[in-house]
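The structure file input_39.cif is reproduced below (mmCIF, C-alpha atoms).
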```
data_upload
loop_
_atom_site.group_PDB
_atom_site.id
_atom_site.type_symbol
_atom_site.label_atom_id
_atom_site.label_comp_id
_atom_site.auth_asym_id
_atom_site.auth_seq_id
_atom_site.Cartn_x
_atom_site.Cartn_y
_atom_site.Cartn_z
ATOM 1 C CA MET A 1 -33.766 -7.918 90.798
ATOM 2 C CA LEU A 2 -32.098 -6.823 87.578
ATOM 3 C CA ALA A 3 -28.961 -8.737 88.487
ATOM 4 C CA LEU A 4 -31.038 -11.819 89.261
ATOM 5 C CA GLY A 5 -32.833 -11.553 85.928
ATOM 6 C CA VAL A 6 -29.556 -11.229 84.062
ATOM 7 C CA ALA A 7 -28.185 -14.253 85.919
ATOM 8 C CA VAL A 8 -31.266 -16.338 85.039
ATOM 9 C CA LEU A 9 -31.049 -15.356 81.366
ATOM 10 C CA ALA A 10 -27.344 -16.136 81.308
ATOM 11 C CA ALA A 11 -27.949 -19.549 82.864
ATOM 12 C CA TRP A 12 -30.743 -20.258 80.367
ATOM 13 C CA ALA A 13 -28.542 -19.226 77.445
ATOM 14 C CA LEU A 14 -25.762 -21.468 78.748
ATOM 15 C CA LEU A 15 -28.166 -24.407 79.025
ATOM 16 C CA LEU A 16 -29.397 -23.880 75.477
ATOM 17 C CA GLY A 17 -25.807 -23.731 74.301
ATOM 18 C CA VAL A 18 -24.955 -26.971 76.102
ATOM 19 C CA ASN A 19 -28.023 -28.691 74.598
ATOM 20 C CA ALA A 20 -27.071 -27.524 71.108
ATOM 21 C CA LEU A 21 -23.501 -28.702 71.645
ATOM 22 C CA ILE A 22 -24.730 -32.147 72.715
ATOM 23 C CA LEU A 23 -26.778 -32.548 69.523
ATOM 24 C CA TYR A 24 -23.904 -31.257 67.410
ATOM 25 C CA GLY A 25 -21.503 -33.730 68.997
ATOM 26 C CA LEU A 26 -23.885 -36.631 68.363
ATOM 27 C CA ARG A 27 -24.740 -35.763 64.758
ATOM 28 C CA ALA A 28 -24.278 -38.457 62.125
ATOM 29 C CA PRO A 29 -21.656 -37.723 59.444
ATOM 30 C CA ARG A 30 -22.712 -38.107 55.821
ATOM 31 C CA LEU A 31 -20.406 -40.396 53.902
ATOM 32 C CA ALA A 32 -20.092 -40.283 50.126
ATOM 33 C CA TYR A 33 -21.633 -43.150 48.196
ATOM 34 C CA ALA A 34 -19.311 -46.018 47.351
ATOM 35 C CA GLY A 35 -20.416 -45.900 43.692
ATOM 36 C CA PRO A 36 -23.247 -47.314 41.552
ATOM 37 C CA LEU A 37 -24.620 -50.717 42.467
ATOM 38 C CA ARG A 38 -23.871 -53.296 39.788
ATOM 39 C CA GLY A 39 -23.430 -57.026 39.912
ATOM 40 C CA ASP A 40 -24.953 -60.329 38.907
ATOM 41 C CA PHE A 41 -28.365 -58.864 39.751
ATOM 42 C CA GLY A 42 -28.025 -56.168 37.070
ATOM 43 C CA VAL A 43 -28.479 -52.489 37.822
ATOM 44 C CA ALA A 44 -30.437 -51.637 40.960
ATOM 45 C CA GLN A 45 -33.448 -49.344 40.704
ATOM 46 C CA GLU A 46 -32.875 -46.070 42.552
ATOM 47 C CA ILE A 47 -36.002 -45.224 44.544
ATOM 48 C CA CYS A 48 -37.465 -42.513 46.751
ATOM 49 C CA LEU A 49 -40.119 -43.188 49.387
ATOM 50 C CA PRO A 50 -41.834 -41.195 52.160
ATOM 51 C CA THR A 51 -41.166 -41.525 55.871
ATOM 52 C CA ARG A 52 -42.245 -39.657 59.013
ATOM 53 C CA ASN A 53 -42.311 -35.838 59.262
ATOM 54 C CA ASN A 54 -42.938 -35.494 55.518
ATOM 55 C CA LYS A 55 -39.368 -36.522 54.755
ATOM 56 C CA MET A 56 -38.105 -38.641 51.884
ATOM 57 C CA LEU A 57 -35.764 -41.610 51.957
ATOM 58 C CA THR A 58 -33.509 -42.722 49.132
ATOM 59 C CA GLY A 59 -32.252 -46.173 48.351
ATOM 60 C CA TRP A 60 -32.020 -48.976 45.830
ATOM 61 C CA PHE A 61 -34.375 -51.832 45.087
ATOM 62 C CA VAL A 62 -33.572 -55.058 43.286
ATOM 63 C CA ALA A 63 -36.552 -57.230 42.435
ATOM 64 C CA THR A 64 -36.376 -60.956 41.821
ATOM 65 C CA SER A 65 -36.107 -62.056 38.220
ATOM 66 C CA GLY A 66 -39.101 -64.425 38.260
ATOM 67 C CA ALA A 67 -42.745 -63.618 37.629
ATOM 68 C CA ALA A 68 -44.002 -65.086 40.930
ATOM 69 C CA MET A 69 -44.372 -63.089 44.130
ATOM 70 C CA SER A 70 -41.291 -63.448 46.302
ATOM 71 C CA PRO A 71 -40.146 -62.630 49.828
ATOM 72 C CA ALA A 72 -38.152 -59.436 50.345
ATOM 73 C CA VAL A 73 -35.814 -57.838 52.856
ATOM 74 C CA VAL A 74 -35.102 -54.279 54.013
ATOM 75 C CA VAL A 75 -31.393 -53.695 54.637
ATOM 76 C CA MET A 76 -30.467 -50.839 57.008
ATOM 77 C CA HIS A 77 -26.946 -49.532 57.528
ATOM 78 C CA GLY A 78 -25.423 -48.287 60.778
ATOM 79 C CA TRP A 79 -24.663 -44.845 62.207
ATOM 80 C CA GLY A 80 -22.813 -42.575 59.777
ATOM 81 C CA ALA A 81 -22.954 -45.094 56.912
ATOM 82 C CA ASN A 82 -25.271 -45.353 53.904
ATOM 83 C CA ALA A 83 -27.022 -47.856 51.668
ATOM 84 C CA SER A 84 -24.105 -48.268 49.269
ATOM 85 C CA LEU A 85 -21.933 -49.660 52.070
ATOM 86 C CA MET A 86 -24.379 -52.571 52.462
ATOM 87 C CA GLN A 87 -24.292 -53.560 48.791
ATOM 88 C CA GLY A 88 -22.141 -56.635 49.462
ATOM 89 C CA CYS A 89 -25.261 -58.552 50.477
ATOM 90 C CA LEU A 90 -27.176 -57.714 47.285
ATOM 91 C CA ALA A 91 -25.935 -60.453 44.962
ATOM 92 C CA PRO A 92 -26.261 -63.375 47.433
ATOM 93 C CA LEU A 93 -29.706 -62.260 48.638
ATOM 94 C CA HIS A 94 -30.908 -61.824 45.058
ATOM 95 C CA ALA A 95 -29.494 -65.222 44.117
ATOM 96 C CA ALA A 96 -31.410 -66.700 47.063
ATOM 97 C CA GLY A 97 -34.680 -65.486 45.544
ATOM 98 C CA LEU A 98 -35.221 -62.394 47.702
ATOM 99 C CA GLY A 99 -36.193 -58.900 46.671
ATOM 100 C CA VAL A 100 -33.787 -56.444 48.336
ATOM 101 C CA LEU A 101 -34.339 -52.841 49.430
ATOM 102 C CA LEU A 102 -31.241 -50.967 50.569
ATOM 103 C CA LEU A 103 -32.226 -47.781 52.415
ATOM 104 C CA ASP A 104 -30.539 -44.566 53.501
ATOM 105 C CA ALA A 105 -31.848 -43.539 56.929
ATOM 106 C CA ARG A 106 -32.689 -39.892 57.452
ATOM 107 C CA CYS A 107 -29.558 -37.736 57.826
ATOM 108 C CA HIS A 108 -27.609 -40.375 55.890
ATOM 109 C CA GLY A 109 -26.745 -40.929 52.252
ATOM 110 C CA ARG A 110 -29.078 -38.913 50.038
ATOM 111 C CA SER A 111 -32.107 -39.040 52.333
ATOM 112 C CA ASP A 112 -33.605 -35.882 53.801
ATOM 113 C CA ALA A 113 -32.056 -34.243 56.844
ATOM 114 C CA GLU A 114 -33.609 -33.783 60.285
ATOM 115 C CA PRO A 115 -32.431 -31.827 63.335
ATOM 116 C CA PHE A 116 -31.392 -35.200 64.766
ATOM 117 C CA THR A 117 -31.675 -38.903 64.136
ATOM 118 C CA SER A 118 -31.850 -41.803 66.563
ATOM 119 C CA LEU A 119 -32.515 -45.514 66.917
ATOM 120 C CA PRO A 120 -36.309 -44.913 66.995
ATOM 121 C CA ARG A 121 -36.050 -42.854 63.803
ATOM 122 C CA PHE A 122 -34.010 -45.583 62.135
ATOM 123 C CA ALA A 123 -36.880 -47.908 63.082
ATOM 124 C CA GLU A 124 -39.429 -45.512 61.565
ATOM 125 C CA ASP A 125 -37.435 -45.512 58.328
ATOM 126 C CA ILE A 126 -37.313 -49.316 58.293
ATOM 127 C CA GLU A 127 -41.085 -49.307 58.773
ATOM 128 C CA ALA A 128 -41.400 -46.951 55.797
ATOM 129 C CA GLY A 129 -39.330 -49.382 53.744
ATOM 130 C CA LEU A 130 -41.527 -52.318 54.759
ATOM 131 C CA ALA A 131 -44.649 -50.356 53.824
ATOM 132 C CA TRP A 132 -43.138 -49.547 50.426
ATOM 133 C CA LEU A 133 -42.180 -53.169 49.799
ATOM 134 C CA ALA A 134 -45.726 -54.275 50.605
ATOM 135 C CA THR A 135 -46.979 -52.202 47.627
ATOM 136 C CA GLN A 136 -44.654 -53.787 45.081
ATOM 137 C CA PRO A 137 -46.435 -56.164 42.683
ATOM 138 C CA LEU A 138 -43.850 -58.957 42.846
ATOM 139 C CA VAL A 139 -43.296 -58.835 46.615
ATOM 140 C CA ASP A 140 -45.153 -61.134 48.999
ATOM 141 C CA ALA A 141 -46.090 -58.752 51.843
ATOM 142 C CA ARG A 142 -46.554 -61.749 54.163
ATOM 143 C CA ARG A 143 -42.866 -62.700 53.837
ATOM 144 C CA LEU A 144 -40.730 -59.710 54.783
ATOM 145 C CA ALA A 145 -37.475 -59.596 56.728
ATOM 146 C CA VAL A 146 -35.041 -56.972 57.993
ATOM 147 C CA ILE A 147 -31.251 -56.903 58.084
ATOM 148 C CA GLY A 148 -29.582 -54.176 60.135
ATOM 149 C CA HIS A 149 -26.077 -53.229 61.198
ATOM 150 C CA SER A 150 -25.202 -51.629 64.577
ATOM 151 C CA VAL A 151 -27.819 -48.922 65.261
ATOM 152 C CA GLY A 152 -29.666 -50.301 62.237
ATOM 153 C CA ALA A 153 -29.661 -53.706 63.939
ATOM 154 C CA GLY A 154 -31.134 -52.263 67.122
ATOM 155 C CA ALA A 155 -33.756 -50.527 64.983
ATOM 156 C CA ALA A 156 -34.513 -53.778 63.140
ATOM 157 C CA LEU A 157 -35.166 -55.542 66.440
ATOM 158 C CA LEU A 158 -37.379 -52.666 67.626
ATOM 159 C CA THR A 159 -39.330 -52.753 64.359
ATOM 160 C CA ALA A 160 -39.968 -56.483 64.742
ATOM 161 C CA THR A 161 -41.693 -55.862 68.077
ATOM 162 C CA ARG A 162 -44.199 -53.580 66.345
ATOM 163 C CA HIS A 163 -44.883 -55.342 63.068
ATOM 164 C CA GLY A 164 -46.030 -58.916 62.767
ATOM 165 C CA GLU A 165 -45.222 -58.969 59.045
ATOM 166 C CA VAL A 166 -41.513 -59.080 59.908
ATOM 167 C CA ARG A 167 -40.896 -62.811 59.568
ATOM 168 C CA ALA A 168 -37.144 -62.714 60.345
ATOM 169 C CA VAL A 169 -34.395 -60.387 61.579
ATOM 170 C CA VAL A 170 -30.665 -60.531 60.916
ATOM 171 C CA SER A 171 -28.967 -58.344 63.518
ATOM 172 C CA ILE A 172 -25.328 -57.531 62.714
ATOM 173 C CA SER A 173 -23.099 -56.046 65.446
ATOM 174 C CA ALA A 174 -26.025 -54.928 67.622
ATOM 175 C CA PHE A 175 -25.364 -53.383 71.021
ATOM 176 C CA ALA A 176 -27.294 -54.617 74.051
ATOM 177 C CA HIS A 177 -28.299 -51.292 75.601
ATOM 178 C CA PRO A 178 -27.944 -47.652 74.411
ATOM 179 C CA HIS A 179 -27.151 -46.497 77.946
ATOM 180 C CA GLU A 180 -23.962 -48.559 77.841
ATOM 181 C CA VAL A 181 -23.087 -47.203 74.388
ATOM 182 C CA MET A 182 -23.484 -43.648 75.647
ATOM 183 C CA LEU A 183 -21.335 -44.347 78.700
ATOM 184 C CA ARG A 184 -18.567 -45.621 76.417
ATOM 185 C CA TYR A 185 -18.978 -42.502 74.283
ATOM 186 C CA LEU A 186 -18.681 -40.220 77.333
ATOM 187 C CA THR A 187 -15.611 -42.109 78.517
ATOM 188 C CA SER A 188 -13.926 -41.757 75.119
ATOM 189 C CA TYR A 189 -14.278 -37.952 75.420
ATOM 190 C CA ARG A 190 -13.358 -37.973 79.108
ATOM 191 C CA ILE A 191 -16.724 -36.510 80.102
ATOM 192 C CA PRO A 192 -17.293 -37.369 83.777
ATOM 193 C CA TYR A 193 -20.649 -39.022 84.345
ATOM 194 C CA PRO A 194 -21.398 -37.655 87.843
ATOM 195 C CA LEU A 195 -20.732 -34.035 86.802
ATOM 196 C CA LEU A 196 -22.058 -33.793 83.247
ATOM 197 C CA GLY A 197 -22.634 -37.205 81.733
ATOM 198 C CA TRP A 198 -25.928 -37.835 83.519
ATOM 199 C CA TYR A 199 -27.323 -34.639 82.000
ATOM 200 C CA VAL A 200 -26.140 -35.594 78.505
ATOM 201 C CA LEU A 201 -27.947 -38.954 78.739
ATOM 202 C CA ARG A 202 -31.085 -37.351 80.154
ATOM 203 C CA HIS A 203 -31.129 -34.704 77.418
ATOM 204 C CA VAL A 204 -30.627 -37.249 74.638
ATOM 205 C CA GLN A 205 -33.584 -39.304 75.874
ATOM 206 C CA ARG A 206 -35.714 -36.166 76.080
ATOM 207 C CA VAL A 207 -34.806 -35.165 72.517
ATOM 208 C CA ILE A 208 -35.450 -38.575 70.940
ATOM 209 C CA GLY A 209 -38.666 -38.966 72.914
ATOM 210 C CA ALA A 210 -37.874 -42.389 74.324
ATOM 211 C CA ARG A 211 -36.216 -43.870 77.375
ATOM 212 C CA PHE A 212 -33.150 -45.971 76.659
ATOM 213 C CA ASP A 213 -34.722 -48.873 78.556
ATOM 214 C CA ALA A 214 -37.754 -48.819 76.248
ATOM 215 C CA ILE A 215 -35.758 -49.049 73.007
ATOM 216 C CA ALA A 216 -32.877 -51.245 74.182
ATOM 217 C CA PRO A 217 -32.267 -54.358 72.053
ATOM 218 C CA LEU A 218 -32.143 -56.301 75.336
ATOM 219 C CA ARG A 219 -35.816 -55.424 75.785
ATOM 220 C CA SER A 220 -36.849 -55.720 72.127
ATOM 221 C CA ILE A 221 -35.538 -59.224 71.682
ATOM 222 C CA THR A 222 -37.704 -60.520 74.534
ATOM 223 C CA HIS A 223 -40.822 -59.526 72.553
ATOM 224 C CA ILE A 224 -39.921 -61.080 69.193
ATOM 225 C CA SER A 225 -41.314 -64.504 68.353
ATOM 226 C CA SER A 226 -40.054 -64.648 64.759
ATOM 227 C CA PRO A 227 -36.546 -66.052 64.113
ATOM 228 C CA VAL A 228 -33.576 -63.790 64.877
ATOM 229 C CA LEU A 229 -30.004 -64.347 63.721
ATOM 230 C CA LEU A 230 -27.411 -62.394 65.700
ATOM 231 C CA VAL A 231 -24.123 -61.923 63.853
ATOM 232 C CA HIS A 232 -21.168 -60.468 65.741
ATOM 233 C CA GLY A 233 -17.420 -60.112 65.302
ATOM 234 C CA ARG A 234 -15.190 -61.691 67.918
ATOM 235 C CA GLU A 235 -12.742 -58.776 67.669
ATOM 236 C CA ASP A 236 -15.378 -56.035 67.874
ATOM 237 C CA GLU A 237 -13.917 -53.293 70.082
ATOM 238 C CA MET A 238 -16.812 -50.872 69.635
ATOM 239 C CA VAL A 239 -19.535 -53.274 70.766
ATOM 240 C CA PRO A 240 -18.166 -56.227 72.754
ATOM 241 C CA LEU A 241 -19.093 -59.758 71.711
ATOM 242 C CA ASP A 242 -20.590 -60.157 75.177
ATOM 243 C CA ASP A 243 -23.448 -57.873 74.050
ATOM 244 C CA ALA A 244 -24.468 -60.471 71.463
ATOM 245 C CA ARG A 245 -24.249 -63.261 74.011
ATOM 246 C CA ARG A 246 -26.492 -61.303 76.394
ATOM 247 C CA LEU A 247 -29.007 -60.760 73.590
ATOM 248 C CA LEU A 248 -28.957 -64.478 72.835
ATOM 249 C CA ALA A 249 -29.625 -65.271 76.502
ATOM 250 C CA ALA A 250 -32.472 -62.730 76.647
ATOM 251 C CA GLY A 251 -34.240 -63.949 73.495
ATOM 252 C CA ARG A 252 -36.961 -66.545 73.352
ATOM 253 C CA PRO A 253 -35.475 -70.062 73.500
ATOM 254 C CA GLY A 254 -35.331 -71.682 70.088
ATOM 255 C CA SER A 255 -36.018 -68.483 68.133
ATOM 256 C CA VAL A 256 -32.630 -66.740 68.443
ATOM 257 C CA GLN A 257 -29.306 -67.921 67.027
ATOM 258 C CA LEU A 258 -25.825 -66.424 67.376
ATOM 259 C CA LEU A 259 -23.236 -66.555 64.615
ATOM 260 C CA GLU A 260 -19.815 -65.501 65.917
ATOM 261 C CA VAL A 261 -17.443 -64.507 63.115
ATOM 262 C CA ALA A 262 -13.848 -63.360 62.809
ATOM 263 C CA GLY A 263 -13.942 -59.583 62.471
ATOM 264 C CA GLN A 264 -14.523 -56.233 64.119
ATOM 265 C CA HIS A 265 -17.554 -53.923 64.201
ATOM 266 C CA ASP A 266 -17.610 -53.306 60.456
ATOM 267 C CA LEU A 267 -18.195 -56.779 59.073
ATOM 268 C CA SER A 268 -18.631 -55.771 55.433
ATOM 269 C CA THR A 269 -15.668 -57.897 54.334
ATOM 270 C CA ALA A 270 -15.624 -60.451 57.150
ATOM 271 C CA LEU A 271 -19.191 -61.528 56.318
ATOM 272 C CA ASP A 272 -18.356 -62.696 52.793
ATOM 273 C CA GLN A 273 -17.686 -66.283 53.825
ATOM 274 C CA HIS A 274 -20.762 -66.375 56.071
ATOM 275 C CA LEU A 275 -23.312 -65.022 53.590
ATOM 276 C CA PRO A 276 -24.490 -68.555 52.700
ATOM 277 C CA GLU A 277 -25.420 -69.107 56.354
ATOM 278 C CA ILE A 278 -27.333 -65.820 56.437
ATOM 279 C CA THR A 279 -29.209 -66.533 53.209
ATOM 280 C CA ASP A 280 -30.024 -70.071 54.397
ATOM 281 C CA PHE A 281 -31.452 -68.613 57.607
ATOM 282 C CA LEU A 282 -33.630 -66.170 55.654
ATOM 283 C CA GLN A 283 -34.814 -68.793 53.172
ATOM 284 C CA GLN A 284 -35.913 -71.059 56.012
ATOM 285 C CA ALA A 285 -37.674 -68.235 57.874
ATOM 286 C CA LEU A 286 -39.386 -66.880 54.752
ATOM 287 C CA ARG A 287 -40.743 -70.121 53.368
ATOM 288 C CA PRO A 288 -44.343 -69.814 52.146
ATOM 289 C CA ALA A 289 -46.747 -69.870 55.073
ATOM 290 C CA THR A 290 -48.623 -73.094 55.605
ATOM 291 C CA ALA A 291 -52.322 -73.128 56.266
ATOM 292 C CA GLY A 292 -53.104 -71.764 59.690
ATOM 293 C CA HIS A 293 -49.691 -70.088 60.091
ATOM 294 C CA GLU A 294 -49.798 -66.780 61.895
ATOM 295 C CA SER A 295 -46.885 -64.537 62.838
ATOM 296 C CA SER A 296 -47.214 -63.295 66.396
ATOM 297 C CA VAL A 297 -45.406 -60.504 68.216
ATOM 298 C CA SER A 298 -46.124 -59.486 71.797
ATOM 299 C CA VAL A 299 -45.333 -56.084 73.209
#
```
Would you give me this structure, written as C-alpha cells?
Amino acid sequence: MLALGVAVLAAWALLLGVNALILYGLRAPRLAYAGPLRGDFGVAQEICLPTRNNKMLTGWFVATSGAAMSPAVVVMHGWGANASLMQGCLAPLHAAGLGVLLLDARCHGRSDAEPFTSLPRFAEDIEAGLAWLATQPLVDARRLAVIGHSVGAGAALLTATRHGEVRAVVSISAFAHPHEVMLRYLTSYRIPYPLLGWYVLRHVQRVIGARFDAIAPLRSITHISSPVLLVHGREDEMVPLDDARRLLAAGRPGSVQLLEVAGQHDLSTALDQHLPEITDFLQQALRPATAGHESSVSV
C-alpha cells in the first residue's frame, strides 16, 4: 500500500509539473515599448483602466480635436506585442475623425500580469476598453469599433458577438480556429499529437475555461451582423491566407469584406498603403445612426 501511495503521489507530481510546463511554454513575452507616441495628432494621453480580476490595463488615448462627440475605436495588438507596436494607425484614424484607444492586454506592455492570458481574456480587455470609451465626454458610445491583430483580431470578433455597440470590426491576420493554431505549435516543437498533444490541447482549454470551438473566429463571425473587414497578408506563413478566405465564406453575406495585401503576419509596415481603405471602411460603418437604426448581434 505504501508503494502504491508513493506511486500515486509521484504520478500526481509529474502531472502538475507537466501542466506547469505547458503554461510556461505558452506564456506571452513582454516586449519593450517602441517609444513615446507622437505625430500629427500631438501627444497621446497615457491612461490606466480596470479590467477583470481587479487588474489594470495601460494604454494611450487620442481624442478628436473637435468639440462634437465622435466615433472611437479600440485597437488591440497580438500575442507578445504591445500598444506601441500598433501606433502606425494612430495618425490616419485621428485624421479620419476617430478617437483612438491603444490598449495593452494583460500580461503585455505595462498592464498587470496574470497566471495566464488567452483569446477570451484579450476579449475581456477589449470590453474594458469599450466601457472606458463609453464614459469619455467627446466619444459617441453608439459608434464604437474594434481593430485587432492576430489573437487580438480573434478577440475583436468574439467581442462583437457579445456587444451590440460594436458597429464595425477590422480583423488583421486573424486565424480561423485555435485548434489549428495549437496543432501548428505542437508540430513546430515536434510534440506528437497522439501521445502528448491531445493532452496539451485539453489542458489549455481547461485552463482558459472555454472550448476552442466556442471561441473560434470561424464561429464568431457567423454571429456578427455589423460590418467586418478582414485584412490578411498573402505571404503570411504563420496564419495562412486560406484562413481569411474561410472566414469570409463563413461570414454573413454582404457584411464581411476581405482585403488581401502584400505582406506576412506582421503587417505593421505593409498596411501603410492600405490605411485609406481601412479608414474609409470605418467611416462608412460609423456614420451617425439614422432614425430607427438598431445594431443587432445574435449569439
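Across A:Ala214, A:Leu57, A:Val200, A:Ala68, the tightest approach to A:Ala83 is made by A:Leu57 when counting all atoms listed in the file.
Residue nearest A:His77 within the list A:Cys48, A:Ile126, A:Leu241, A:Ala141: A:Ile126 [criterion: smallest interatomic distance, all atoms listed in the file].
Among A:Gln257, A:Ser173, A:Gln264, A:Thr159, the residue with the shortest atom-to-atom distance to A:Glu277, counting all atoms listed in the file, is A:Gln257.
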* Structure fact -> Nearest to A:His179, restricted to only C-alpha atoms and choosing among A:Asp213, A:Glu165, A:Glu127, A:Asp236, comes out as A:Asp213
* To do: Identify, on the basis of all atoms listed in the file, every residue whose closest approach to A:His265 does not exceed 9 Å; exclude the query and any residue fewer than 6 positions from it along the same chain; express the result as a ChimeraX atom specification.
  => /A:150,172-173,232-240
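The shortest atom-to-atom distance to A:Asp243, with only C-alpha atoms taken into account, belongs to A:Ala174 out of A:Ala174, A:Val73, A:Leu286, A:Val62.
Note that atom CA of A:Leu259 and atom CA of A:Pro71 are 22.8 Å apart.
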